[in-house]
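Participant: Take this structure, written in structure tokens, and hold onto it; I'll ask about it next.
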Amino acid sequence: MNLLFIAWRNFRYRALSSFLTTLSLMLGVGLVVMVMAIYGIISEAFVRNAAVGYNLVVGPRGSALQLTLNSVYYLSQPIENLPYTEYMEFFPAEERAKMVREFGGDPKLGERDGVYAGFVGDGYAIPLALGDYFGEFRVVGTIPDFFEKLRHGPEVDQPFTFREGRALETYNEENQYFECVLGSRVAAQSGMKVGDVMNPTHGDPEGKGHGQGFTVVGILAPTGTPNDRAVFVNLEGFYLLEGHAKPIEDDAVITLPERDPDDTRPPLLMIPEREVTSILVRNGNIMHAPGMQNRINESGRAQAAAPIGEINKLMSVIVGPLLSALLVITLITCVVAAFGVLVAIYNSMNDRRRDIAVMRALGARRGSVTWVILFESLIIAIIGGAAGWLLAHVAIYSAGTFIEQQTGVQVGLFSVSQFEWLLLPFVLVLSLMAGIVPAMAAYRTDVGSNLSA
Amino acid sequence: MLTIENLIKKFQQPGGGELTVLDVPKFEIASAEQVALIGESGGGKTTLLHLIAGMLSATSGSIRVDNIELTRLSEQGRDRFRAATIGYVFQTFNLLPAFSAVENVKLGMTFGSGRVDSERALDLLDRVGLAERANYRPNQLSVGQQQRVAIARALAGRPKLLLADEPTANVDPASADSVLDLIIDSCRSESIALLMVTHSMDVADRFERIERLEDINRIPALKQS
Ligand SMILES: Nc1ncnc2c1ncn2[C@@H]1O[C@H](COP(=O)(O)OP(=O)(O)OP(=O)(O)O)[C@@H](O)[C@H]1O
Ligand SMILES: [Mg+2]
């Protein structure tokens, strides 16, 4: 019979007290592990969602964070818009000229290269127009390239796939300019299917309708990104909605678009009437990104933000400290629980004094009876710690589907977060410290005076 | 076996000052001898047993057990000596409540050689008539049964000297007799020297040698208070 066994028997003998102290330690450890896991999930979710295939977001001047939250996460208050000409700056002369011919506008625009065209190279610039809602979900006006070119996933190499249907088209006979694609969660929550008509509301979720719907032509497979929570509509259709055209200024120079007289398509907005909320840019050569970012920010007309940088800033300035504070609080919970262990064992020392004296009378040394007490608090620590750890992981695992839906982060039963392993020595040291006070009392227990019946 | 010479034991009094409890010029027990120790309450009988077991240290003088001079041993040395040489049976609350009867017996071996002989533990329980109670907890045993387990445990470490402090005081007369028989017979058959404190003349009369503490201790009990 070794000392550990003796400690185990003592642990079991005071079953209720042992159970309660172990329980409180379990809850403390469980809380810490959960906070650590949530910390890991949140930072992974943010960073993973910021890894979107494009490297810069260009939008109106103001808060770079808000631009990122709007364009990447479809969150936060809607922001101002940029004139369409700002979007055109990312294209070379011939494409700009084509836009002028197609939409109508100042012919001079087509006579020069866009100032950022050289930086983009064989990358891409994809416009987003925000401001409308479908229920609680943001409506995102964009072009078919959005589904072609953007990537997601941990390696940022997965293209969008459709669970049903196809990507929206700029124009076709059947739906004209009014096609839309639903993110997976929008589809799940609204119950809409391919062929249904989605009616956006203007400005905010309770805003009034436009009297024009978009036919659902595709439903995206889940991506674990904010795109699951968005409705994508054709940018040209978006422009044609009531109230989406910018009033033309009096001094604007406009050449009307060249139109085939047989063309039955409804006319599109002209360039001065068009606005974009933001532009997702990928530089063909990533080395050009910083130069372009500087040029845009120095232009005074727009700003360019790197989403990953903004998100890391957000994590380190706001979310990180918040979670750290939470972590400190839960660690204090652990210390309190360990203090409970100390109190519980110490309170029972009166009953134990006689036991200790009896063991001493049987030849046990001071050191042995001291270790029996220390082992008991170690047993509480190991059982409480392991149970708390397991509890937290089972809790997170059972919330796994929900977490994956919300964040796209998959959690396994035993996916261990960073620093989690440090908890084991922490809890052991804590419990040893809690055990030391009663153990010293055991050490000092006088044999003679505790045996005189 | 046991030789005490010029033993003096003083206690610090709670109010300050010292209280001399024992002043024993000479006291001896031969190997396998059985001695009953009687005396007034508060005379220092328990104190003497604690000194012999090395659980208290003497103020001065000499205690030799089995040719080991206790007063020269460190505390650890006395722990080791006690585990190897002494068996002890108290008046009450002998057993550790968290352990079963047989585990209590095994505890008697744990701190001595460290080697636990489960067969011998069961054998000892069988000898005290409690083989069927091996897995009972102390609170499931009668006081007499608990005392018998305590005797089995005291014998478990194969002691050379068994110290018993009024082991039958809390037991009904019939059980007291069987407990007493058990101690006396076990010690005799294993050649263990026995020093038993008792208040009962009936118990003392079972012994070949009876000592009154007043005769070996120069400090009278009354003077102490
Ligand atoms: N740790 C101690 N500190 C101070 N005084 C003590 C201590 N232990 C015992 N005494 C004193 O020593 C004296 C002898 O006590 P002891 O327990 O040896 O008597 P006893 O002969 O066993 O009495 P009883 O027959 O009632 O058990 C008592 O007066 C007691 O108050
Ligand atoms: Mg006594």
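In the structure tokens, the first chain shown is A, the next is B, and so on; residue numbers restart at 1 for each chain, and ligands run from 1 in the order shown.
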Quick one: contact table of chain A to chain B, 12 Å max, nearest atom pair and distance in Å to one decimal per residue, counting only C-alpha atoms, chain and number order, as a tab-separated table?

Facilitator:
residue	atom	partner	partner_atom	distance
A:Met1	CA	B:Thr110	CA	6.1
A:Asn2	CA	B:Thr110	CA	7.5
A:Leu3	CA	B:Thr110	CA	9.3
A:Phe5	CA	B:Phe99	CA	10.5
A:Ile6	CA	B:Phe99	CA	8.5
A:Ala7	CA	B:Ala98	CA	9.8
A:Trp8	CA	B:Ala98	CA	9.6
A:Arg9	CA	B:Ala98	CA	5.9
A:Asn10	CA	B:Ala98	CA	5.8
A:Phe11	CA	B:Ala98	CA	8.8
A:Arg12	CA	B:Ala98	CA	7.7
A:Tyr13	CA	B:Ala98	CA	5.1
A:Arg14	CA	B:Ala98	CA	8.4
A:Ala15	CA	B:Ala98	CA	10.4
A:Asp351	CA	B:Pro97	CA	10.4
A:Arg352	CA	B:Leu96	CA	9.3
A:Arg353	CA	B:Leu96	CA	11.1
A:Arg354	CA	B:Phe93	CA	8.2
A:Asp355	CA	B:Leu96	CA	5.8
A:Ile356	CA	B:Leu96	CA	9.0
A:Ala357	CA	B:Met55	CA	9.5
A:Val358	CA	B:Asn94	CA	7.0
A:Met359	CA	B:Leu107	CA	8.0
A:Arg360	CA	B:Asp79	CA	7.4
A:Ala361	CA	B:Met55	CA	7.1
A:Leu362	CA	B:Ala83	CA	5.7
A:Gly363	CA	B:Ala83	CA	4.0
A:Ala364	CA	B:Phe111	CA	5.3
A:Arg365	CA	B:Asp79	CA	5.9
A:Arg366	CA	B:Gln76	CA	8.1
A:Gly367	CA	B:Gln76	CA	9.4
A:Ser368	CA	B:Phe111	CA	9.0
A:Val369	CA	B:Phe111	CA	10.7
A:Thr445	CA	B:Met55	CA	11.7
A:Asp446	CA	B:Met55	CA	8.7
A:Val447	CA	B:Met55	CA	6.2
A:Gly448	CA	B:Met55	CA	6.1
A:Ser449	CA	B:Leu56	CA	9.5
A:Asn450	CA	B:Met55	CA	10.9
A:Leu451	CA	B:Phe90	CA	7.8
A:Ser452	CA	B:Thr46	CA	7.2
A:Ala453	CA	B:Thr92	CA	6.7

Participant: Could you list, as a PyMOL selection string, every residue within 9 Å of stretch 65-67 of chain A, counting only C-alpha atoms and ignoring same-chain residues fewer than 6 positions away?

Facilitator: chain A and resi 57-59+75-79+277-278+304-305+307+310-311+313-314

Participant: Residues of stretch 2-175 of chain B in helix (DSSP H, G or I) according to DSSP, as a ChimeraX atom specification?

Facilitator: /B:45-52,70-72,75-85,101-110,118-127,131-133,138-140,143-156,173-175

Participant: Counting only C-alpha atoms and all ligand atoms, which residues of chain B sit at most 7 Å from some atom of ligand 1, and what is each one's closest atom pair with its distance in Å to one decimal, listed by chain and rising residue number, as a tab-separated table?

Facilitator:
residue	atom	partner	partner_atom_place_in_ligand_line	distance
B:Phe11	CA	ligand 1	4 (C)	4.7
B:Gln12	CA	ligand 1	4 (C)	5.7
B:Gln13	CA	ligand 1	4 (C)	5.4
B:Val21	CA	ligand 1	12 (O)	5.5
B:Gly39	CA	ligand 1	21 (O)	6.6
B:Glu40	CA	ligand 1	25 (O)	6.0
B:Ser41	CA	ligand 1	25 (O)	3.5
B:Gly42	CA	ligand 1	19 (O)	3.5
B:Gly43	CA	ligand 1	21 (O)	3.9
B:Gly44	CA	ligand 1	18 (O)	3.1
B:Lys45	CA	ligand 1	21 (O)	3.8
B:Thr46	CA	ligand 1	22 (O)	3.7
B:Thr47	CA	ligand 1	18 (O)	3.7
B:Leu48	CA	ligand 1	18 (O)	6.5
B:Gln224	CA	ligand 1	29 (O)	6.1
B:Ser225	CA	ligand 1	29 (O)	6.9

Participant: Which distance in Å separates atom CA of A:Ala442 and atom CA of B:Leu195, to one decimal?

Facilitator: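 Rounded to one decimal, the two atoms are 29.1 Å apart.
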
Participant: Pick out the residues sitting within 9 Å of B:Ile52, and hand them over as a PyMOL selection string; count only C-alpha atoms, and ignore anything fewer than 6 positions along from it in its own chain.

Facilitator: chain B and resi 2+4+63-65+70+86+163

Participant: Let's have the selection written as a tab-separated table (two decimals), in the first residue's frame, with C-alpha atoms.

Facilitator:
chain	number	residue	atom	x	y	z
B	2	LEU	CA	13.53	-3.03	27.70
B	4	ILE	CA	14.96	2.26	31.44
B	63	ILE	CA	15.63	4.01	27.22
B	64	ARG	CA	17.00	0.90	25.57
B	65	VAL	CA	14.73	-1.37	23.58
B	70	LEU	CA	16.21	5.51	21.81
B	86	ILE	CA	6.95	-1.85	18.46
B	163	LEU	CA	2.48	-1.82	24.11

Participant: If you count only C-alpha atoms, which residues fall within 12 Å of A:Phe19, apart from same-chain ones fewer than 4 positions away, as a list of chain:residue names?

Facilitator: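 The residues that qualify are A:Phe11, A:Arg12, A:Tyr13, A:Arg14, A:Ala15, A:Leu23, A:Ser24, A:Leu25, A:Met26, A:Gly340, A:Val341, A:Ala344, A:Ile379, A:Ile380, A:Ala381, A:Ile383, A:Gly384, A:Ala387.
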
Participant: Could those residues be written to a file, using N, CA and C atoms, as a CSV table (one decimal), in the first residue's frame?

Facilitator:
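Printed below is out_27.csv as written:
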chain,number,residue,atom,x,y,z
A,11,PHE,N,-9.4,10.3,0.0
A,11,PHE,CA,-10.3,11.1,-0.9
A,11,PHE,C,-11.7,10.4,-1.0
A,12,ARG,N,-11.7,9.1,-1.1
A,12,ARG,CA,-13.0,8.4,-1.2
A,12,ARG,C,-13.8,8.5,0.1
A,13,TYR,N,-13.0,8.5,1.2
A,13,TYR,CA,-13.7,8.4,2.5
A,13,TYR,C,-14.5,9.7,2.7
A,14,ARG,N,-13.9,10.9,2.4
A,14,ARG,CA,-14.6,12.1,2.5
A,14,ARG,C,-15.3,12.4,1.1
A,15,ALA,N,-16.2,11.5,0.7
A,15,ALA,CA,-16.6,11.5,-0.7
A,15,ALA,C,-17.3,12.8,-1.0
A,23,LEU,N,-15.4,19.1,-8.1
A,23,LEU,CA,-16.4,19.7,-9.1
A,23,LEU,C,-16.0,21.1,-9.3
A,24,SER,N,-15.7,21.9,-8.2
A,24,SER,CA,-15.4,23.3,-8.4
A,24,SER,C,-14.1,23.5,-9.3
A,25,LEU,N,-13.2,22.6,-9.0
A,25,LEU,CA,-11.9,22.7,-9.8
A,25,LEU,C,-12.2,22.3,-11.3
A,26,MET,N,-13.1,21.3,-11.5
A,26,MET,CA,-13.5,20.9,-12.8
A,26,MET,C,-14.1,22.1,-13.6
A,340,GLY,N,-10.5,26.6,-2.6
A,340,GLY,CA,-11.5,25.7,-2.0
A,340,GLY,C,-11.0,24.4,-1.6
A,341,VAL,N,-10.0,23.9,-2.4
A,341,VAL,CA,-9.4,22.6,-2.1
A,341,VAL,C,-8.6,22.7,-0.8
A,344,ALA,N,-11.1,22.9,2.1
A,344,ALA,CA,-11.7,21.7,2.4
A,344,ALA,C,-10.8,20.7,3.1
A,379,ILE,N,-4.7,14.4,-6.3
A,379,ILE,CA,-5.7,13.6,-6.9
A,379,ILE,C,-6.9,14.5,-7.3
A,380,ILE,N,-7.2,15.4,-6.4
A,380,ILE,CA,-8.3,16.3,-6.7
A,380,ILE,C,-8.0,17.1,-8.0
A,381,ALA,N,-6.7,17.6,-8.1
A,381,ALA,CA,-6.3,18.4,-9.2
A,381,ALA,C,-6.4,17.5,-10.5
A,383,ILE,N,-8.1,14.7,-11.2
A,383,ILE,CA,-9.4,14.3,-11.6
A,383,ILE,C,-10.2,15.5,-12.0
A,384,GLY,N,-10.1,16.6,-11.2
A,384,GLY,CA,-10.9,17.8,-11.5
A,384,GLY,C,-10.4,18.4,-12.9
A,387,ALA,N,-11.4,16.1,-15.8
A,387,ALA,CA,-12.8,16.1,-16.0
A,387,ALA,C,-13.2,17.5,-16.6

Participant: Using only C-alpha atoms and all ligand atoms, which of B:Asp205, B:Glu132, B:Glu166, B:Asp23 sits nearest ligand 2?

Facilitator: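 Once distances to ligand 2 are computed over only C-alpha atoms and all ligand atoms, the minimum belongs to B:Glu166.
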
Participant: Give the strand (DSSP E) residues of stretch 59-283 of chain A, as DSSP finds them on the backbone, and put them as a count of residues only.

Facilitator: 55

Participant: In Å, rounded to a single decimal, give me how far atom CA of A:Met287 is from atom CA of A:Ala97.

Facilitator: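 Calculated distance between atom CA of A:Ala97 and atom CA of A:Met287 is 28.0 Å.
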
Participant: So which residues touch B:Thr59 within 7 Å, counting only C-alpha atoms, skipping near sequence neighbours fewer than 6 positions away, as a ChimeraX atom specification?

Facilitator: /B:8-10

Participant: Please provide the set of residues having any atom within 9 Å of stretch 389-403 of chain A, restricted to only C-alpha atoms, with same-chain residues fewer than 4 positions apart removed, written as a ChimeraX atom specification.

Facilitator: /A:26-27,29-34,37-38,41,384-385,407-416

Participant: Could you write out that same residue set with C-alpha atoms as a PDB file, in the first residue's frame?

Facilitator:
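Once everything was written out, this is part_17.pdb:
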ATOM      1  CA  MET A  26     -13.490  20.890 -12.804  1.00  0.00           C
ATOM      2  CA  LEU A  27     -15.702  23.874 -13.542  1.00  0.00           C
ATOM      3  CA  VAL A  29     -10.569  24.230 -15.553  1.00  0.00           C
ATOM      4  CA  GLY A  30     -13.499  23.685 -17.917  1.00  0.00           C
ATOM      5  CA  LEU A  31     -14.090  27.427 -18.137  1.00  0.00           C
ATOM      6  CA  VAL A  32     -10.441  28.126 -18.873  1.00  0.00           C
ATOM      7  CA  VAL A  33     -10.285  25.463 -21.573  1.00  0.00           C
ATOM      8  CA  MET A  34     -13.500  26.757 -23.133  1.00  0.00           C
ATOM      9  CA  ALA A  37     -10.860  27.190 -27.361  1.00  0.00           C
ATOM     10  CA  ILE A  38     -13.195  30.080 -28.113  1.00  0.00           C
ATOM     11  CA  ILE A  41     -11.897  29.558 -32.834  1.00  0.00           C
ATOM     12  CA  GLY A 384     -10.862  17.825 -11.545  1.00  0.00           C
ATOM     13  CA  GLY A 385      -8.474  18.968 -14.247  1.00  0.00           C
ATOM     14  CA  THR A 407     -17.558  30.564 -38.283  1.00  0.00           C
ATOM     15  CA  GLY A 408     -16.596  27.823 -40.715  1.00  0.00           C
ATOM     16  CA  VAL A 409     -14.121  26.508 -38.178  1.00  0.00           C
ATOM     17  CA  GLN A 410     -14.279  22.769 -37.636  1.00  0.00           C
ATOM     18  CA  VAL A 411     -13.621  21.559 -34.104  1.00  0.00           C
ATOM     19  CA  GLY A 412     -12.682  17.984 -33.303  1.00  0.00           C
ATOM     20  CA  LEU A 413     -13.275  16.395 -29.910  1.00  0.00           C
ATOM     21  CA  PHE A 414      -9.603  16.651 -29.119  1.00  0.00           C
ATOM     22  CA  SER A 415      -8.475  19.637 -31.134  1.00  0.00           C
ATOM     23  CA  VAL A 416      -6.302  21.319 -28.568  1.00  0.00           C
TER      24      VAL A 416
END

Participant: If I take atom CA of A:Gln405 and atom CA of A:Leu182, how far is one from the other in Å, to one decimal?

Facilitator: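 Atom CA of A:Gln405 sits 15.2 Å away from atom CA of A:Leu182.
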
Participant: At a cut-off of 12 Å, using only C-alpha atoms, what residues contact B:Glu190? Leave out same-chain residues fewer than 3 positions from it and give the result as a list in words.

Facilitator: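 Contacts, in chain order: Ser31, Ala32, Glu33, Leu155, Ala156, Arg158, Pro159, Lys160, Leu161, Leu162, Leu182, Ile183, Ile184, Asp185, Ser186, Cys187, Ala193 and Leu194 of chain B.
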
Participant: Between A:Gly141, A:Pro154, A:Pro127, A:Gly118, which has the minimum distance to A:Gly291 (counting only C-alpha atoms)?

Facilitator: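 Going through A:Gly141, A:Pro154, A:Pro127, A:Gly118 one by one, the smallest distance to A:Gly291 is for A:Gly118.
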